[in-house]
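Student: Submitted below is the structure of interest, expressed as structure tokens.
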Amino acid sequence: MLSSSKFIFFVKTANTYNKLVPNFTQLFSTNAAPAAVQSTVKAKRTSENNPTNHTDDHVGLFYTVPDSVQRQLFSTGGLPKSFAANIKTFTECSFMVRKPAVDLIQRLNATDFSRPPVRHVLYGQPGCGKSIILAHLLHYALVNKFVIIHVPWTWNWFRRDWTEVAYNSKDRRFVDLPVLSAQWLKHFLLQNGTYIDALQLRTSQDYVWSQREQTPAGSPLSALINHGINRVKFAGDCVAALLQELKLACNEDKCKAFVAIDGFNALVNDYETRLKTEDKVKVRTRMVTLSRSFRQVVQQDWKNAAVLLTVDQLAASYRTLDSHWPIHLLGREGFETIDPFIPISVTEYSDLELNSALDYYEDRMWLQRTEGRQDLGFLSNRNPYSLMELCAGL
Amino acid sequence: MLRGRLLSVISARQMAMFGPEFKEPHFRKSELEELQKTGEISKIGHIPFKAAPSAATVSPLYDPLLEKFTNYVMRKGEKQLARDLMAKTLQSVKRIQVQKYNAAQTEEEKAEIEINAMKIFHKAVENCKPLLTLTPVKKGGATYQVPINITAEKASFTSMNWLIEAAKSPPKDARFYNKLAHELINAAAGTGKVIKRKQELHKQCEANRAYAHYRWG
């Protein structure tokens with residue numbers, strides 16, 4: 001049955017057909033073997049690399065994030081694992097401009113920052129691009145000189161059972177994640193380090209950590225951050241203090257802040273985690289000081305801030321959540337915590353976006369055959385992540 | 001029991017769903033067109049055919065060899081797992097090759113690098129097929145390893161099985177799909193563990209050529 005002669009490759013002649021509308025032979029092509037075509041398809045790109053200027057005209061086009069920005073924003077997390085792998089493979093970090101991102105950018109461009117922050121919540125099926133839109137908006141925040149308060153993926157805090165857990169020194173009902181808190185402070189410093197120094201923000205009060213260690217009022221914020229990084233034991237409290245200081249600074253019109261949290265539902269709910277304290281008590285997400293600190297930043301008791309959250313059914317123990325709707329993911333209590341908010345649906349690709357994505361993959365040699373586009377759209381259900389995975393083997 | 005006996009008399013495989021008179025199905029449109037063109041279709045018009053396998057499709061993305069390989073990778077009927085492993089393998093192959101391609105400096109270097117994962121897969125399976133094999137034959141109280149030629153079917157099974165075995169060999173902490181990806185790339189380039197195994201078999205056959213006539217006696 002498997003004689004080798006059966007698997008001689010068909011070499012399809014390169015047709016110059018219109019990519020957007022598959023022709024008849026494309027739709028019903030039954031060639032068995034991959035066509036060896038050196039692709040001439042070029043990705044649909046825009047040269048507008050400043051996300052502030054993205055409008056509806058750019059929807060479906062790809063824009064490239066400069067290397068320096070990508071390193072500053074995402075080198076300690078912020079992009080999904082497979083997307084980060086693609087950056088290396090594609091030798092560039094490109095985002096497709098999508099409708100929810102454009103809507104958000106226009107909304108933020110028109111926001112009155114003297115009022116309490118509006119909470120935007122991205123929701124949608126897994127793999128639809130919530131995290132990528134968040135990353136796109138982070139670039140917007142960087143360009144527009146926001147102080148970025150970014151949590152890459154909340155569930156990373158709770159999913160590894162070897163994570164160090166320590167009881168909070170002030171309140172023993174709560175636990176600190178010292179190493180992860182310090183990591184977050186590093187992430188914050190990398191994203192905002194130079195900007196924070198340029199703003200010359202100072203601490204408003206004395207912070208006494210122990211008998212010998214304290215951060216006096218009037219010291220620069222970087223001192224507070226570095227203390228958390230160097231003395232990991234106090235990192236959890238440092239995060240809380242830093243966020244409090246940033247709130248005060250924003251209220252005094254010294255700066256603007258952009259809060260971006262990926263997988264926010266893990267912070268407002270009381271999910272079971274894989275962590276345990278040293279006396280073998282199972283940790284739940286609400287017990288963690290980091291959750292408490294970041295719940296407080298999304299409150300409306302400050303100004304000069306923008307809040308962008310995502311709710312995701314993957315931000316919980318594996319297969320515990322089966323719906324992507326905000327009301328289900330946030331729960332009644334969580335819903336009331338951030339009520340009122342603006343829900344923004346992130347859906348599967350449209351026709352235009354699907355073809356643009358396939359063109360991009362062909363351009364980057366990720367998709368190496370010209371036929372079967374209809375099949376790919378159908379098999380992936382136009383889900384961006386599934387589409388990327390499906391193209392991987394072709 | 002009786003049915004089994006009867007079937008063995010007429011030399012069909014036991015538990016076979018279709019008798020020996022049933023031919024392989026032509027479920028692809030292109031195959032049918034080919035048959036129509038050559039006039040073959042009038043000859044086979046009244047021959048019974050097997051039903052097409054449930055995993056077979058007419059999609060341009062369908063590849064029979066990949067399907068076969070997936071079935072060989074599969075254990076305990078976990079087809080979805082086998083499919084995922086193959087998808088990850090091809091993804092890994094592609095990542096490695098595209099990164100090589102991007103790293104290459106000159107156009108000539110780039111032209112030499114094969115970036116099509118499916119082509120690499122096909123070529124690897126083709127390159128690993130042995131031409132001869134050894135079979136034990138008892139002769140005068142001693143068992144001799146006798147070189148015999150190999151059917152196309154057996155050769156392709158051996159090739160794929162060797163690739164899978166190589167991918168399952170240590171180091172244990174490396175993933176199956178990553179190891180298989182490297183094996184495929186190496187085999188397509190004519191190097192690696194499996195090619196070496198094939199060459200060793202050929203060498204053994206060459207060494208045992210004196211026993212070749214035992215095959216008929």
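Each chain in the structure tokens gets a letter, A, B and so on, in the order shown; residues start at 1 in every chain, and ligands are counted from 1 in the order they appear.
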Give me every strand (DSSP E) residue in region 33-164 of chain A, going by DSSP on the backbone, as a count of residues only.

Tutor: 18

Student: Taking only region 195-239 of chain A into account, list the residues labelled alpha helix (DSSP H) by DSSP (computed from the backbone), as a PyMOL selection string.

Tutor: chain A and resi 195-199+221-230+235-239

Student: Write out as number ranges by chain each polymer residue whose atoms come within 12 Å of Lys276 (chain A), counting only C-alpha atoms; drop sequence neighbours fewer than 6 positions from it.

Tutor: A: 158-167, 175-177, 282-285, 287-288

Student: Write the residues of the selection above to a file with C-alpha atoms, as a PDB file, in the first residue's frame.

Tutor:
ATOM      1  CA  PHE A 158      -0.397  30.187  41.448  1.00  0.00           C
ATOM      2  CA  ARG A 159       0.350  27.262  39.211  1.00  0.00           C
ATOM      3  CA  ARG A 160       3.787  26.084  40.355  1.00  0.00           C
ATOM      4  CA  ASP A 161       3.793  24.041  43.545  1.00  0.00           C
ATOM      5  CA  TRP A 162       7.454  24.817  44.256  1.00  0.00           C
ATOM      6  CA  THR A 163       6.745  28.552  44.622  1.00  0.00           C
ATOM      7  CA  GLU A 164       8.013  29.949  47.900  1.00  0.00           C
ATOM      8  CA  VAL A 165       5.172  30.937  50.236  1.00  0.00           C
ATOM      9  CA  ALA A 166       5.574  32.868  53.501  1.00  0.00           C
ATOM     10  CA  TYR A 167       3.039  34.267  55.942  1.00  0.00           C
ATOM     11  CA  VAL A 175       0.549  34.978  52.568  1.00  0.00           C
ATOM     12  CA  ASP A 176       3.357  36.603  50.573  1.00  0.00           C
ATOM     13  CA  LEU A 177       4.994  35.153  47.496  1.00  0.00           C
ATOM     14  CA  LYS A 282      -3.537  25.074  50.891  1.00  0.00           C
ATOM     15  CA  VAL A 283      -3.266  28.597  49.529  1.00  0.00           C
ATOM     16  CA  ARG A 284      -6.255  30.158  47.811  1.00  0.00           C
ATOM     17  CA  THR A 285      -5.909  33.140  45.489  1.00  0.00           C
ATOM     18  CA  MET A 287      -5.099  34.799  50.606  1.00  0.00           C
ATOM     19  CA  VAL A 288      -2.194  36.159  48.574  1.00  0.00           C
TER      20      VAL A 288
END

Student: Which residues, written as a list of chain:residue names, have at least one atom at most 7 Å from region 341-351 of chain A, with only C-alpha atoms counted and residues fewer than 3 positions away on the same chain left out?

Tutor: A:Pro100, A:Val118, A:Arg119, A:His120, A:Val121, A:Leu122, A:Tyr123, A:Gly124, A:Cys128, A:Gly129, A:Lys130, A:Ile338, A:Leu354, A:Asn355, A:Arg382, A:Asn383, A:Pro384

Student: When you look at region 54-58 of chain A with a cut-off of 9 Å (counting only C-alpha atoms), what residues show up, excluding the ones that are within fewer than 4 positions of it in the same chain? I need them as a list of chain:residue names.

Tutor: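 The filter keeps A:Arg45, A:Thr46, A:Glu48, A:Asn49, A:Asn50, A:Phe62, A:Met96, A:Val97, A:Arg98, A:Lys99, A:Ala101, A:Val102, A:Asp103, A:Ile105, A:Gln106.
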
Student: Taking only C-alpha atoms into account, which residues of chain B are within 10 Å of chain A, as a CSV table (one decimal) with N, CA and C atoms, in the first residue's frame?

Tutor:
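As written to disk, selection_11.csv reads:
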chain,number,residue,atom,x,y,z
B,24,GLU,N,-8.2,-1.5,-2.6
B,24,GLU,CA,-8.0,-0.2,-1.8
B,24,GLU,C,-8.9,0.9,-2.5
B,28,ARG,N,-10.0,10.1,-3.4
B,28,ARG,CA,-9.5,11.5,-3.7
B,28,ARG,C,-10.0,11.8,-5.2
B,29,LYS,N,-10.4,13.0,-5.3
B,29,LYS,CA,-10.9,13.4,-6.7
B,29,LYS,C,-9.9,13.3,-7.7
B,30,SER,N,-8.7,13.7,-7.4
B,30,SER,CA,-7.6,13.7,-8.3
B,30,SER,C,-7.3,12.2,-8.8
B,31,GLU,N,-7.3,11.3,-7.9
B,31,GLU,CA,-7.1,9.9,-8.3
B,31,GLU,C,-8.2,9.4,-9.3
B,57,THR,N,-9.5,12.1,4.4
B,57,THR,CA,-10.4,13.2,3.9
B,57,THR,C,-9.9,13.6,2.5
B,58,VAL,N,-10.7,14.4,1.9
B,58,VAL,CA,-10.3,14.9,0.6
B,58,VAL,C,-9.7,16.3,0.7
B,59,SER,N,-9.4,16.7,1.9
B,59,SER,CA,-8.8,18.0,2.2
B,59,SER,C,-7.4,18.1,1.6
B,60,PRO,N,-7.0,19.2,1.0
B,60,PRO,CA,-5.7,19.3,0.5
B,60,PRO,C,-4.6,19.2,1.6
B,61,LEU,N,-5.1,19.3,2.8
B,61,LEU,CA,-4.1,19.2,3.9
B,61,LEU,C,-3.8,17.8,4.4
B,62,TYR,N,-4.6,16.9,3.8
B,62,TYR,CA,-4.5,15.4,4.1
B,62,TYR,C,-3.3,14.8,3.5
B,63,ASP,N,-2.6,14.0,4.3
B,63,ASP,CA,-1.4,13.4,3.7
B,63,ASP,C,-1.4,11.9,4.2
B,64,PRO,N,-1.5,11.0,3.3
B,64,PRO,CA,-1.6,9.5,3.7
B,64,PRO,C,-0.4,9.0,4.5
B,65,LEU,N,0.8,9.5,4.1
B,65,LEU,CA,2.0,9.0,4.8
B,65,LEU,C,2.0,9.5,6.2
B,68,LYS,N,-0.4,7.5,8.2
B,68,LYS,CA,0.2,6.2,8.6
B,68,LYS,C,1.2,6.3,9.7
B,86,MET,N,2.5,14.6,16.4
B,86,MET,CA,3.0,14.8,15.1
B,86,MET,C,3.0,16.3,14.7
B,87,ALA,N,1.9,16.9,15.2
B,87,ALA,CA,1.8,18.4,14.9
B,87,ALA,C,3.0,19.1,15.5
B,88,LYS,N,3.3,18.7,16.8
B,88,LYS,CA,4.4,19.4,17.5
B,88,LYS,C,5.7,19.1,16.8
B,89,THR,N,5.8,17.8,16.3
B,89,THR,CA,7.1,17.4,15.6
B,89,THR,C,7.3,18.3,14.4
B,90,LEU,N,6.2,18.4,13.6
B,90,LEU,CA,6.4,19.2,12.4
B,90,LEU,C,6.6,20.7,12.7
B,91,GLN,N,6.0,21.2,13.7
B,91,GLN,CA,6.2,22.5,14.2
B,91,GLN,C,7.7,22.7,14.6
B,92,SER,N,8.2,21.8,15.3
B,92,SER,CA,9.6,21.8,15.8
B,92,SER,C,10.5,21.8,14.6
B,93,VAL,N,10.3,20.9,13.6
B,93,VAL,CA,11.1,20.9,12.4
B,93,VAL,C,11.1,22.3,11.7
B,94,LYS,N,9.9,22.8,11.6
B,94,LYS,CA,9.8,24.1,10.9
B,94,LYS,C,10.5,25.2,11.6
B,95,ARG,N,10.4,25.2,12.9
B,95,ARG,CA,11.1,26.3,13.7
B,95,ARG,C,12.6,26.2,13.5
B,96,ILE,N,13.1,24.9,13.6
B,96,ILE,CA,14.6,24.8,13.5
B,96,ILE,C,15.0,25.2,12.1
B,97,GLN,N,14.3,24.8,11.0
B,97,GLN,CA,14.7,25.1,9.7
B,97,GLN,C,14.6,26.6,9.3
B,98,VAL,N,13.4,27.1,9.7
B,98,VAL,CA,13.2,28.6,9.4
B,98,VAL,C,14.2,29.4,10.1
B,99,GLN,N,14.6,29.0,11.3
B,99,GLN,CA,15.6,29.8,12.1
B,99,GLN,C,16.9,29.7,11.4
B,100,LYS,N,17.2,28.5,10.9
B,100,LYS,CA,18.5,28.3,10.1
B,100,LYS,C,18.5,29.2,8.9
B,101,TYR,N,17.3,29.2,8.2
B,101,TYR,CA,17.2,29.9,7.0
B,101,TYR,C,17.4,31.4,7.2
B,102,ASN,N,16.8,31.9,8.3
B,102,ASN,CA,16.9,33.3,8.6
B,102,ASN,C,18.3,33.7,9.1
B,103,ALA,N,19.0,32.7,9.7
B,103,ALA,CA,20.4,33.0,10.1
B,103,ALA,C,21.4,33.0,9.0
B,115,ILE,N,13.1,24.2,4.0
B,115,ILE,CA,12.3,24.7,5.1
B,115,ILE,C,10.9,24.1,5.2
B,116,ASN,N,10.6,23.3,4.2
B,116,ASN,CA,9.2,22.7,4.2
B,116,ASN,C,9.3,21.4,5.1
B,117,ALA,N,8.6,21.5,6.2
B,117,ALA,CA,8.6,20.4,7.2
B,117,ALA,C,8.0,19.1,6.6
B,118,MET,N,7.0,19.2,5.8
B,118,MET,CA,6.4,18.0,5.2
B,118,MET,C,7.3,17.3,4.2
B,119,LYS,N,8.1,18.1,3.5
B,119,LYS,CA,9.1,17.6,2.5
B,119,LYS,C,10.2,16.9,3.3
B,122,HIS,N,8.8,13.5,4.5
B,122,HIS,CA,8.7,12.5,3.4
B,122,HIS,C,10.1,12.0,3.0
B,125,VAL,N,11.6,9.6,5.7
B,125,VAL,CA,11.0,8.3,5.7
B,125,VAL,C,11.6,7.5,4.5
B,126,GLU,N,11.7,8.2,3.3
B,126,GLU,CA,12.3,7.6,2.1
B,126,GLU,C,13.7,7.2,2.3
B,129,LYS,N,14.5,3.9,4.5
B,129,LYS,CA,14.0,2.6,4.0
B,129,LYS,C,15.1,1.7,3.7
B,151,THR,N,9.9,-6.1,1.0
B,151,THR,CA,8.8,-5.6,0.3
B,151,THR,C,8.7,-4.1,0.5
B,152,ALA,N,8.1,-3.3,-0.4
B,152,ALA,CA,7.9,-1.9,-0.2
B,152,ALA,C,7.2,-1.6,1.1
B,153,GLU,N,6.2,-2.4,1.4
B,153,GLU,CA,5.4,-2.1,2.6
B,153,GLU,C,6.2,-2.3,3.8
B,154,LYS,N,7.0,-3.4,3.9
B,154,LYS,CA,7.8,-3.7,5.0
B,154,LYS,C,8.9,-2.7,5.2
B,155,ALA,N,9.4,-2.2,4.1
B,155,ALA,CA,10.5,-1.2,4.1
B,155,ALA,C,10.0,0.1,4.7
B,156,SER,N,8.8,0.5,4.3
B,156,SER,CA,8.3,1.7,4.8
B,156,SER,C,7.9,1.6,6.3
B,157,PHE,N,7.4,0.4,6.7
B,157,PHE,CA,7.1,0.2,8.1
B,157,PHE,C,8.4,0.3,8.9

Student: Using only C-alpha atoms for the distances, tell me which of A:Phe234, A:Tyr140, A:Tyr207, A:Tyr271 is nearest to Thr52 (chain A).

Tutor: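 Closest residue, counting only C-alpha atoms: A:Tyr140.
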
Student: Contacts of Lys123 (chain B) at 10 Å or less, counting only C-alpha atoms, minus same-chain residues fewer than 6 places along, as a PDB file with C-alpha atoms, in the first residue's frame?

Tutor:
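Final output, around-v3.pdb:
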ATOM      1  CA  ALA B 117       8.582  20.380   7.177  1.00  0.00           C
ATOM      2  CA  LEU B 184      13.758  13.659  10.753  1.00  0.00           C
ATOM      3  CA  ILE B 185      16.033  16.556   9.858  1.00  0.00           C
ATOM      4  CA  ALA B 187      17.580  11.503   8.228  1.00  0.00           C
ATOM      5  CA  ALA B 188      16.467  13.848   5.443  1.00  0.00           C
ATOM      6  CA  ALA B 189      20.069  15.045   5.209  1.00  0.00           C
ATOM      7  CA  GLY B 190      21.322  11.438   5.109  1.00  0.00           C
TER       8      GLY B 190
END

Student: Between B:Gly217, B:Gly39, B:Gly45, B:Pro53, which one has atoms that come closest to Phe27 (chain B), using only C-alpha atoms?

Tutor: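 Distance minimum relative to Phe27 (chain B) lands on B:Pro53.
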
Student: One number please: CA of Ser386 (chain A) to CA of Ser82 (chain A), in Å, one decimal.

Tutor: 11.2 Å

Student: Mind pulling up the distance from CA of His136 (chain A) to CA of Leu267 (chain A)?

Tutor: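 Separation between CA of Leu267 (chain A) and CA of His136 (chain A): 22.5 Å.
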
Student: May I have the residues within 12 Å of region 169-171 of chain A as a PyMOL selection string, using only C-alpha atoms and disregarding those fewer than 6 positions away in the same chain?

Tutor: chain A and resi 178+209-210+233-237+287-289
